[in-house]
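**Student:** Sharing work24.cif, mmCIF, C-alpha atoms:
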data_query
loop_
_atom_site.label_atom_id
_atom_site.label_comp_id
_atom_site.auth_asym_id
_atom_site.auth_seq_id
_atom_site.Cartn_x
_atom_site.Cartn_y
_atom_site.Cartn_z
CA MET Q 1 23.27 -7.71 -4.16
CA ILE Q 2 19.81 -7.29 -2.66
CA GLU Q 3 17.86 -4.16 -3.66
CA LYS Q 4 14.65 -2.91 -2.04
CA PRO Q 5 12.54 0.21 -2.61
CA ILE Q 6 12.05 2.88 0.05
CA ILE Q 7 9.83 5.98 -0.13
CA PHE Q 8 11.03 9.42 0.91
CA SER Q 9 9.17 12.74 0.89
CA THR Q 10 10.48 15.54 -1.32
CA GLU Q 11 11.89 17.32 1.74
CA MET Q 12 13.83 14.22 2.79
CA VAL Q 13 15.11 13.53 -0.74
CA LYS Q 14 16.50 17.06 -0.70
CA ALA Q 15 18.18 16.35 2.65
CA ILE Q 16 19.76 13.18 1.23
CA LEU Q 17 20.99 15.02 -1.87
CA GLU Q 18 22.49 17.75 0.33
CA GLY Q 19 24.24 15.16 2.51
CA ARG Q 20 22.24 16.03 5.64
CA LYS Q 21 20.22 12.80 5.91
CA THR Q 22 22.03 9.55 6.66
CA GLN Q 23 19.46 7.89 8.89
CA THR Q 24 15.74 7.14 8.76
CA ARG Q 25 13.21 5.75 11.20
CA ARG Q 26 10.37 3.55 9.98
CA ILE Q 27 7.47 2.13 11.97
CA MET Q 28 7.66 -1.56 12.83
CA ASN Q 29 4.57 -3.38 11.68
CA PRO Q 30 3.20 -5.08 13.67
CA GLN Q 31 4.38 -3.33 16.80
CA PRO Q 32 5.91 -5.53 19.53
CA LEU Q 33 3.68 -5.62 22.59
CA PHE Q 34 6.67 -5.03 24.86
CA TYR Q 35 10.36 -5.76 25.33
CA THR Q 36 11.62 -7.77 28.29
CA GLY Q 37 15.17 -6.49 28.06
CA ARG Q 38 16.22 -9.49 25.98
CA ARG Q 39 13.19 -10.59 24.00
CA TYR Q 40 10.47 -8.84 22.01
CA ILE Q 41 6.99 -10.03 22.88
CA VAL Q 42 4.93 -9.77 19.70
CA PRO Q 43 1.22 -9.99 18.91
CA ASP Q 44 -0.20 -13.24 17.52
CA ASN Q 45 -0.57 -11.69 14.05
CA ALA Q 46 3.19 -11.04 13.80
CA PRO Q 47 5.07 -13.13 11.25
CA LYS Q 48 6.01 -16.50 12.78
CA LYS Q 49 9.71 -15.71 12.38
CA TRP Q 50 9.26 -12.80 14.83
CA HIS Q 51 8.02 -15.02 17.65
CA ASP Q 52 10.55 -15.64 20.40
CA CYS Q 53 13.04 -13.18 18.86
CA ASP Q 54 15.86 -11.46 20.67
CA ASP Q 55 17.79 -8.32 19.74
CA ILE Q 56 19.54 -10.08 16.88
CA PHE Q 57 16.31 -10.21 14.89
CA ALA Q 58 16.48 -6.49 14.11
CA ALA Q 59 18.94 -6.73 11.24
CA GLY Q 60 17.66 -10.08 10.04
CA PHE Q 61 13.97 -9.26 9.77
CA CYS Q 62 13.89 -5.57 8.87
CA PRO Q 63 11.72 -5.19 5.73
CA TYR Q 64 14.21 -2.60 4.48
CA GLY Q 65 17.03 -5.13 4.54
CA GLN Q 66 20.15 -5.49 6.57
CA PRO Q 67 23.67 -4.09 6.27
CA GLY Q 68 24.75 -4.34 2.66
CA THR Q 69 21.25 -4.04 1.18
CA VAL Q 70 20.88 -1.28 -1.42
CA LEU Q 71 17.70 0.81 -1.17
CA TRP Q 72 16.47 2.56 -4.30
CA VAL Q 73 14.65 5.74 -3.44
CA ARG Q 74 11.10 6.30 -4.60
CA GLU Q 75 10.32 10.01 -4.82
CA THR Q 76 7.72 12.25 -6.47
CA TRP Q 77 8.51 12.16 -10.17
CA ALA Q 78 7.24 12.77 -13.72
CA ASP Q 79 7.59 10.60 -16.83
CA LEU Q 80 8.96 12.70 -19.71
CA ARG Q 81 9.63 9.87 -22.17
CA GLY Q 82 8.39 10.62 -25.67
CA MET Q 83 8.00 14.34 -24.99
CA GLY Q 84 11.19 15.48 -26.73
CA PHE Q 85 13.14 16.36 -23.59
CA GLY Q 86 16.77 15.29 -23.32
CA PHE Q 87 16.05 13.25 -20.18
CA PRO Q 88 13.40 10.62 -19.43
CA PHE Q 89 12.32 11.63 -15.94
CA ALA Q 90 11.91 14.74 -13.79
CA TYR Q 91 11.94 14.91 -9.99
CA LYS Q 92 9.90 17.27 -7.88
CA VAL Q 93 12.81 18.08 -5.58
CA ASP Q 94 14.68 19.56 -8.59
CA THR Q 95 11.80 21.77 -9.72
CA PRO Q 96 10.43 23.72 -6.77
CA SER Q 97 7.07 25.39 -7.12
CA GLY Q 98 7.37 28.60 -9.13
CA SER Q 99 10.75 27.71 -10.66
CA GLU Q 100 11.45 27.84 -14.40
CA GLY Q 101 11.37 24.04 -14.51
CA ASP Q 102 8.02 23.98 -12.76
CA ARG Q 103 6.55 26.55 -15.17
CA CYS Q 104 7.83 24.45 -18.10
CA ARG Q 105 6.28 21.31 -16.55
CA ILE Q 106 2.91 23.04 -16.23
CA GLU Q 107 3.11 24.48 -19.76
CA PHE Q 108 3.66 21.00 -21.21
CA GLY Q 109 0.91 19.48 -19.06
CA VAL Q 110 3.27 17.18 -17.16
CA LYS Q 111 1.82 15.97 -13.86
CA TRP Q 112 3.74 14.77 -10.83
CA LYS Q 113 3.32 11.10 -9.99
CA PRO Q 114 3.29 9.84 -6.41
CA SER Q 115 6.46 8.21 -5.17
CA ILE Q 116 4.65 4.91 -4.53
CA HIS Q 117 4.23 4.54 -8.32
CA MET Q 118 7.87 5.16 -9.21
CA PRO Q 119 9.36 2.17 -11.05
CA ARG Q 120 12.92 1.02 -10.40
CA LYS Q 121 14.09 2.29 -13.82
CA ALA Q 122 13.18 5.87 -12.82
CA ALA Q 123 15.23 5.76 -9.60
CA ARG Q 124 18.29 7.95 -9.46
CA LEU Q 125 19.24 7.67 -5.82
CA PHE Q 126 20.62 4.50 -4.21
CA LEU Q 127 21.44 4.05 -0.53
CA LYS Q 128 23.54 1.29 1.03
CA VAL Q 129 22.33 0.16 4.45
CA LYS Q 130 25.16 0.44 6.98
CA ASP Q 131 23.29 -0.53 10.16
CA VAL Q 132 19.83 -1.51 11.39
CA ARG Q 133 18.57 -1.43 14.95
CA VAL Q 134 15.27 -1.33 16.83
CA GLU Q 135 14.29 1.29 19.38
CA ARG Q 136 11.34 3.28 20.67
CA LEU Q 137 10.87 6.54 18.79
CA GLN Q 138 11.45 8.71 21.84
CA GLU Q 139 14.87 7.11 22.35
CA ILE Q 140 16.20 9.53 19.73
CA VAL Q 141 17.67 11.67 22.44
CA SER Q 142 21.04 12.10 20.77
CA GLY Q 143 21.38 15.39 18.94
CA LYS Q 144 23.57 13.59 16.43
CA ASP Q 145 20.72 11.24 15.47
CA VAL Q 146 18.32 14.16 15.02
CA TYR Q 147 20.83 15.81 12.67
CA ARG Q 148 21.31 12.51 10.82
CA GLU Q 149 17.55 12.56 10.16
CA GLY Q 150 18.12 15.57 7.89
CA CYS Q 151 17.64 18.59 10.11
CA PRO Q 152 18.21 21.74 8.01
CA GLU Q 153 20.82 24.27 9.07
CA SER Q 154 18.08 26.84 9.75
CA GLU Q 155 16.59 24.52 12.41
CA LYS Q 156 19.81 23.46 14.19
CA HIS Q 157 18.92 25.55 17.24
CA ASN Q 158 15.57 23.76 17.46
CA ALA Q 159 16.47 20.36 15.95
CA PHE Q 160 14.57 18.18 18.39
CA ASN Q 161 11.29 20.06 17.89
CA TRP Q 162 11.88 20.05 14.12
CA PHE Q 163 12.12 16.24 14.19
CA MET Q 164 9.00 15.82 16.37
CA LYS Q 165 6.99 18.03 14.00
CA LEU Q 166 8.30 16.18 10.93
CA TRP Q 167 7.47 12.82 12.49
CA ASN Q 168 3.94 13.89 13.44
CA ASN Q 169 3.26 15.36 9.98
CA ILE Q 170 4.04 11.97 8.44
CA ASN Q 171 2.84 9.49 11.07
CA ALA Q 172 0.35 10.97 13.55
CA LYS Q 173 -2.66 10.52 11.25
CA ARG Q 174 -1.80 6.80 11.08
CA GLY Q 175 -1.85 6.52 14.88
CA TYR Q 176 1.93 6.60 15.39
CA GLY Q 177 2.46 10.14 16.65
CA TRP Q 178 5.44 11.20 18.73
CA GLU Q 179 3.51 10.84 21.99
CA THR Q 180 2.86 7.10 21.34
CA SER Q 181 6.61 6.43 20.97
CA PRO Q 182 6.16 3.48 18.60
CA TRP Q 183 8.82 0.86 17.99
CA VAL Q 184 10.83 1.84 14.91
CA TRP Q 185 13.49 0.43 12.64
CA VAL Q 186 16.47 2.79 12.68
CA ILE Q 187 18.25 2.46 9.34
CA GLU Q 188 21.62 4.10 8.82
CA PHE Q 189 22.73 4.47 5.20
CA GLU Q 190 25.17 6.07 2.80
CA VAL Q 191 24.55 7.25 -0.75
CA VAL Q 192 26.23 4.88 -3.19
CA ARG Q 193 24.89 6.16 -6.50
CA ARG Q 194 23.17 9.29 -7.79
#
Would you mind writing the file out in structure tokens?
**Tutor:**
Amino acid sequence: MIEKPIIFSTEMVKAILEGRKTQTRRIMNPQPLFYTGRRYIVPDNAPKKWHDCDDIFAAGFCPYGQPGTVLWVRETWADLRGMGFGFPFAYKVDTPSGSEGDRCRIEFGVKWKPSIHMPRKAARLFLKVKDVRVERLQEIVSGKDVYREGCPESEKHNAFNWFMKLWNNINAKRGYGWETSPWVWVIEFEVVRR
């Protein structure tokens, strides 16, 4: 079985744990220059395997794997080993700011570590890839897909705007805002282990 890491924000980890998030969109890098309707035209700096690719390449070349791949979730975490706690790791999503757990963390001087630094042994959430496809970001016109991205119940009446704001908060500063409609990998998944 192939395993690969994937980073999620605390908000999105919560959505996965609550069963709201079963889909994620990730920026393709490098971006195809355009799509002819059958073939992706890619820049010269694209990996050689991408050149002269058709739609079938999506599942085969996605850096997050293809159907059957298991993704282990990297999230904001703390290493508690050797501190006398009954568990080795803590996760930010479980200890919201101001909670008893958060006050205890601060009292013991435990600092959150960025998700990018989470090792595999600290992972607690595993996702099995069910499907991979390629599309432009603004093709997420289906309300179902917006909900699958983790839209909270409180935003259901405004789900599309919620998703645009979420996307821009994460990606606009990198030059991939909603208005640019970048090419994205659409990865559908199911939780296989918690």
**Student:** Could you check which of Q:Pro114, Q:Pro63, Q:Pro96, Q:Gly82 is closest to Arg26 in chain Q, using all atoms listed in the file?
**Tutor:**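 Smallest distance to Arg26 in chain Q is found for Q:Pro63.
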**Student:** Going by the chain IDs and residue numbers used in this file, which residues fall under the PyMOL selection byres ((chain Q and resi 9) around 12)? Write them as a list of chain:residue names.
**Tutor:**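 The output of the PyMOL selection byres ((chain Q and resi 9) around 12) on this file is Q:Ile6, Q:Ile7, Q:Phe8, Q:Thr10, Q:Glu11, Q:Met12, Q:Val13, Q:Lys14, Q:Ala15, Q:Ile16, Q:Thr24, Q:Val73, Q:Arg74, Q:Glu75, Q:Thr76, Q:Trp77, Q:Tyr91, Q:Lys92, Q:Val93, Q:Pro114, Q:Ser115, Q:Ile116, Q:Gly150, Q:Leu166, Q:Trp167, Q:Asn169, Q:Ile170.
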**Student:** In terms of the shortest atom-to-atom distance over only C-alpha atoms, which of Q:Ser99, Q:Val132, Q:Gly84, Q:Gly143 is closest to His157 in chain Q?
**Tutor:**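 The answer is Q:Gly143, which sits nearest to His157 in chain Q.
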**Student:** Pick from Q:Lys4, Q:Glu155, Q:Gln31, Q:Leu17: nearest to Gly175 in chain Q, with all atoms listed in the file counted?
**Tutor:**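 With all atoms listed in the file as the atom set, the closest residue is Q:Gln31.
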**Student:** Take the PyMOL selection byres ((chain Q and resi 105) around 12), apply it to the structure above, and return the hits as a PDB file with C-alpha atoms, in the coordinates of the input.
**Tutor:**
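File produced: out-v8.pdb:
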ATOM      1  CA  TRP Q  77       8.510  12.160 -10.170  1.00  0.00           C
ATOM      2  CA  ALA Q  78       7.240  12.770 -13.720  1.00  0.00           C
ATOM      3  CA  ASP Q  79       7.590  10.600 -16.830  1.00  0.00           C
ATOM      4  CA  LEU Q  80       8.960  12.700 -19.710  1.00  0.00           C
ATOM      5  CA  MET Q  83       8.000  14.340 -24.990  1.00  0.00           C
ATOM      6  CA  PHE Q  85      13.140  16.360 -23.590  1.00  0.00           C
ATOM      7  CA  PHE Q  89      12.320  11.630 -15.940  1.00  0.00           C
ATOM      8  CA  ALA Q  90      11.910  14.740 -13.790  1.00  0.00           C
ATOM      9  CA  TYR Q  91      11.940  14.910  -9.990  1.00  0.00           C
ATOM     10  CA  LYS Q  92       9.900  17.270  -7.880  1.00  0.00           C
ATOM     11  CA  ASP Q  94      14.680  19.560  -8.590  1.00  0.00           C
ATOM     12  CA  THR Q  95      11.800  21.770  -9.720  1.00  0.00           C
ATOM     13  CA  PRO Q  96      10.430  23.720  -6.770  1.00  0.00           C
ATOM     14  CA  SER Q  97       7.070  25.390  -7.120  1.00  0.00           C
ATOM     15  CA  GLY Q  98       7.370  28.600  -9.130  1.00  0.00           C
ATOM     16  CA  SER Q  99      10.750  27.710 -10.660  1.00  0.00           C
ATOM     17  CA  GLU Q 100      11.450  27.840 -14.400  1.00  0.00           C
ATOM     18  CA  GLY Q 101      11.370  24.040 -14.510  1.00  0.00           C
ATOM     19  CA  ASP Q 102       8.020  23.980 -12.760  1.00  0.00           C
ATOM     20  CA  ARG Q 103       6.550  26.550 -15.170  1.00  0.00           C
ATOM     21  CA  CYS Q 104       7.830  24.450 -18.100  1.00  0.00           C
ATOM     22  CA  ILE Q 106       2.910  23.040 -16.230  1.00  0.00           C
ATOM     23  CA  GLU Q 107       3.110  24.480 -19.760  1.00  0.00           C
ATOM     24  CA  PHE Q 108       3.660  21.000 -21.210  1.00  0.00           C
ATOM     25  CA  GLY Q 109       0.910  19.480 -19.060  1.00  0.00           C
ATOM     26  CA  VAL Q 110       3.270  17.180 -17.160  1.00  0.00           C
ATOM     27  CA  LYS Q 111       1.820  15.970 -13.860  1.00  0.00           C
ATOM     28  CA  TRP Q 112       3.740  14.770 -10.830  1.00  0.00           C
TER      29      TRP Q 112
END
**Student:** Using all atoms listed in the file, which of the listed residues (Q:Arg81, Q:Arg25, Q:Lys144, Q:Lys165) sits closest to Glu179 in chain Q?
**Tutor:**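 For Glu179 in chain Q, the nearest of the given residues is Q:Lys165.
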**Student:** Go through the shown structure with the PyMOL selection byres ((chain Q and resi 70) around 7) and write out the matching residues as JSON, numbers by chain.
**Tutor:** {"Q": [2, 3, 4, 68, 69, 71, 72, 126, 127, 128, 129]}
**Student:** So that I have them on file, write out the residues from the current selection with C-alpha atoms, as a PDB file, in the coordinates of the input.
**Tutor:**
ATOM      1  CA  ILE Q   2      19.810  -7.290  -2.660  1.00  0.00           C
ATOM      2  CA  GLU Q   3      17.860  -4.160  -3.660  1.00  0.00           C
ATOM      3  CA  LYS Q   4      14.650  -2.910  -2.040  1.00  0.00           C
ATOM      4  CA  GLY Q  68      24.750  -4.340   2.660  1.00  0.00           C
ATOM      5  CA  THR Q  69      21.250  -4.040   1.180  1.00  0.00           C
ATOM      6  CA  LEU Q  71      17.700   0.810  -1.170  1.00  0.00           C
ATOM      7  CA  TRP Q  72      16.470   2.560  -4.300  1.00  0.00           C
ATOM      8  CA  PHE Q 126      20.620   4.500  -4.210  1.00  0.00           C
ATOM      9  CA  LEU Q 127      21.440   4.050  -0.530  1.00  0.00           C
ATOM     10  CA  LYS Q 128      23.540   1.290   1.030  1.00  0.00           C
ATOM     11  CA  VAL Q 129      22.330   0.160   4.450  1.00  0.00           C
TER      12      VAL Q 129
END
**Student:** Smallest atom-to-atom distance to Tyr176 in chain Q: which of Q:Lys113, Q:Arg136, Q:Arg20, Q:Arg120, using all atoms listed in the file?
**Tutor:** Q:Arg136
**Student:** Please list as a list in words every residue within 10 Å of Pro67 in chain Q, counting only C-alpha atoms and excluding residues in the same chain fewer than 6 positions away.
**Tutor:**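 The residues satisfying every condition are Ala59, Gly60, Lys128, Val129, Lys130, Asp131, Val132, Ile187, Glu188 and Phe189 of chain Q.
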**Student:** In Å to one decimal, how far is CA of Pro152 in chain Q from CA of Pro182 in chain Q?
**Tutor:**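 Pair CA of Pro182 in chain Q / CA of Pro152 in chain Q returns 24.3 Å.
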**Student:** How big is the axis-aligned box, and where does its centre sit, when it encloses all atoms of range 181-186 of chain Q listed in the file and has 8 Å added on every side, reported in Å to one decimal as JSON?
**Tutor:**
{"center_x": 11.3, "center_y": 3.4, "center_z": 16.8, "size_x": 26.3, "size_y": 22.0, "size_z": 24.3}
**Student:** What is the CA of Cys62 in chain Q to CA of Val184 in chain Q distance in Å?
**Tutor:**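 These two atoms are separated by 10.0 Å.
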**Student:** Between CA of Asn161 in chain Q and CA of Val134 in chain Q, what distance in Å does the model show, to one decimal?
**Tutor:**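 Distance between the two atoms: 21.8 Å.
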